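Chemist: Right, I'll just put the structure down here and ask away after.
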Amino acid sequence: MNRVHRVVLIDIIDPHHNKEDALKNLLELKSLVTTYNGIDIVDIIQHRNRPDKSTFIGSGKVIELVKIVAKKQIDIVVINAIVNLSVLFNLTQSLWTVNQKIQVWDRIDLILNIFDKHAYTTESKLQIEIARMRHMGPRIYGLGETYFSRQGGGIGTKGLGETNIELMKRHWRDRIKKKKDQLEKISNQHLIQLERRHDNNVLTVAIVGYTNAGKTSLFNLLTRKNKIVRNEMFATLDSVTGKIYFPSHQKGAIISDTIGFIKDLPSSLIDSFKSTLMESIYADILLHVIDISDPEMTKKIETVEKILRELRVHAKKIIFVFNKIDAFTGDGEKMLKDVGENYSRFSPQFISATTDYGIEKLKKEVEKAVVLT
Ligand SMILES: Nc1nc2c(ncn2[C@@H]2O[C@H](COP(=O)(O)OP(=O)(O)OP(=O)(O)O)[C@@H](O)[C@H]2O)c(=O)[nH]1
Ligand SMILES: [Mg+2]
């Protein structure tokens with residue numbers, strides 16, 4: 001059995017941000033970290049400051065962090081931001097003095113490590129490997145440079161370090177290329193499948209949305225499948241497809257469920273997952289599932305829309321599916337008015353995937369879209 005990792009979270013808050021936002025940010029980070037499993041959050045450093053260029057938290061806080069890591073036997077430091085790789089390198093170096101196995105993760109590392117635990121197919125594993133190599137590569141050169149110049153420096157052979165770094169870079173590039181070629185083969189098979197569907201006039205509906213919104217729950221309801229539903233972020237990592245039938249119409253459709261989105265996903269990471277997201281990119285109709293009981297709903301809708309734009313989705317019709325209506329506790333009338341004002345072009349539907357509320361009506365709406373498309 002692996003022992004539980006002891007973690008310290010670092011969150012730098014811009015002095016201009018209000019306290020409430022900072023708290024929400026921290027809550028999301030906490031639920032992300034606990035999704036990883038086997039992690040114990042031992043300490044949290046929340047500091048109001050501007051990010052420092054070389055250490056992110058500033059030299060004073062680094063001293064504090066070194067003490068915490070030593071005293072509380074921390075294994076992993078998680079930074080709630082996407083930071084420059086040199087920052088991760090500098091922090092790792094400072095912390096080495098007290099723990100030579102210390103790991104410093106930024107948000108991308110954290111997400112990739114979570115993905116890694118939930119990846120089952122060759123495709124998602126390859127995508128993670130490629131994303132990780134892209135993210136890790138420069139850090140390894142960083143270590144290499146310090147290490148090799150120290151080695152070489154003493155005996156007056158400075159050139160040695162440089163050659164080795166070049167070799168390492170080339171080796172790294174070759175490995176990425178190999179993995180990419182493997183992934184491309186899988187992507188191409190997908191494309192052929194999508195084209196075949198298109199040629200046969202089979203319509204496709206894709207379920208998309210923020211992570212934990214209830215996409216898989218809805219997918220299971222519509223397809224009578226039994227995919228894993230968990231109160232966890234990124235429970236789903238691959239795309240799965242099923243069939244949806246309509247009682248009054250012969251024309252069924254293929255429906256897919258896929259990985260959820262989250263804010264601050266760098267484009268490179270989204271890019272790595274394009275193979276998995278292909279079902280969503282080429283779908284005719286999108287069901288954007290939204291957790292209406294979430295106070296952060298509006299921001300999460302924006303995040304999902306932004307990512308859909310980045311992916312250049314082809315859908316001719318997008319339906320907003322407001323889920324978890326059973327858990328909604330706010331002012332119902334106001335909510336209906338707001339949704340009507342802001343999202344009426346997305347044919348808003350209100351459902352509860354746990355109580356079945358609104359599912360029949362949603363199906364009719366999807367059927368209408370399928371018939372019209
Ligand atoms: N109260 C309530 N909870 C729901 C509803 N639909 C889903 N949930 C819960 O929300 C959590 C996430 O559900 P999933 O279906 O796994 O959500 P997802 O969007 O597929 O999540 P990821 O795959 O992790 O991105 C689970 O704990 C579900 O039981 C609903 O209508 N009402
Ligand atoms: Mg899911």
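Ligands are numbered from 1 in the order shown, residues from 1 within each chain, and chains are lettered A, B, ... in the order they appear in the structure tokens.
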Write out as a PyMOL selection string each polymer residue (protein, DNA or RNA) that has an atom no more than 12 Å from ligand 2, with only C-alpha atoms and all ligand atoms counted.
Modeler: chain A and resi 118+207-220+226-240+256-261+289
Chemist: When you look at A:Ile68 with a cut-off of 12 Å (counting only C-alpha atoms), what residues show up, excluding the ones that are within fewer than 6 positions of it in the same chain? I need them as an MDAnalysis selection string.
Modeler: chainID A and resid 6:10 42:45 61:62 74:77 95 98:99
Chemist: So what do you get for atom CA of A:Ala131 versus atom CA of A:Val304, distance-wise?
Modeler: 20.4 Å
Chemist: Looking at A:Ile176, A:Lys169, A:Thr329, A:Pro247, which one is nearest to A:Glu360, with distances taken over only C-alpha atoms?
Modeler: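 So, comparing all the options, the nearest one is A:Pro247.
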Chemist: Between A:Asp294, A:Asp338, A:Glu333, A:Glu365, single out the one closest to ligand 1, counting only C-alpha atoms and all ligand atoms.
Modeler: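 The answer is A:Asp294, which sits nearest to ligand 1.
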Chemist: For A:Asn201, which of A:His135, A:Glu129, A:Ser267, A:Val371 is the closest residue, counting only C-alpha atoms?
Modeler: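 When distances to A:Asn201 are compared using only C-alpha atoms, the smallest one comes from A:Val371.
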Chemist: Contacts of A:Asp271 at 10 Å or less, counting only C-alpha atoms, minus same-chain residues fewer than 3 places along, as a PyMOL selection string?
Modeler: chain A and resi 127+131+266-268+274-275+277+310-311
Chemist: Next, write the just-selected residues to a file, as a JSON list (two decimals), in the first residue's frame, keeping C-alpha atoms as the atom set.
Modeler:
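The resulting file, selection.json, is reproduced below:
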```json
[["chain", "number", "residue", "atom", "x", "y", "z"],
["A", 127, "GLN", "CA", -2.85, 11.87, -24.65],
["A", 131, "ALA", "CA", 0.75, 16.40, -22.47],
["A", 266, "PRO", "CA", -4.22, 25.76, -21.05],
["A", 267, "SER", "CA", -4.75, 25.41, -24.80],
["A", 268, "SER", "CA", -1.92, 22.91, -25.03],
["A", 274, "LYS", "CA", -8.53, 16.55, -29.21],
["A", 275, "SER", "CA", -8.63, 12.89, -30.10],
["A", 277, "LEU", "CA", -12.99, 15.27, -27.90],
["A", 310, "GLU", "CA", -11.32, 26.98, -28.93],
["A", 311, "LEU", "CA", -12.22, 23.50, -30.12]]
```
Chemist: With only C-alpha atoms and all ligand atoms as the basis for distance, which of A:Ala119, A:Ile13, A:Ile108, A:Val205 is at the shortest distance from ligand 1?
Modeler: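 The shortest atom-to-atom distance to ligand 1 comes from A:Ala119.
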Chemist: Ranking A:Leu85, A:Val370, A:Ile290, A:Leu183 by minimum distance to A:Ala253 and counting only C-alpha atoms, which one comes first?
Modeler: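 Ranked by minimum distance to A:Ala253, first place goes to A:Val370.
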Chemist: Env of A:His5: 12 Å cut, atoms = only C-alpha atoms, seq-sep filter 3 positions within chain, self excluded. Answer as a list in words.
Modeler: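 Once the adjacent positions are removed, what remains is Met1, Asn2, Val8, Val33, Thr34, Tyr36, Asn37, Gly38, Ile39, Asp40, Ile41, Val42, Lys72, Gln73, Ile74, Asp75, Ile76, Val77, Val78, Lys101, Ile102 and Gln103 of chain A.
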Chemist: What parts of stretch 7-171 of chain A does DSSP call helix (DSSP H, G or I)? I'd like the answer as a ChimeraX atom specification.
Modeler: /A:19-35,59-71,85-96,107-118,122-154,158-171
Chemist: Could you state the separation of atom 20 (O, counted along the ligand's line) of ligand 1 and atom CA of A:Thr354 in Å, given to one decimal place?
Modeler: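 Taking atom 20 (O, counted along the ligand's line) of ligand 1 and atom CA of A:Thr354, their separation equals 12.5 Å.
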Chemist: What is the atom CA of A:Tyr245 to atom CA of A:Pro348 distance in Å?
Modeler: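 Computed distance, atom CA of A:Tyr245 to atom CA of A:Pro348, equals 21.1 Å.
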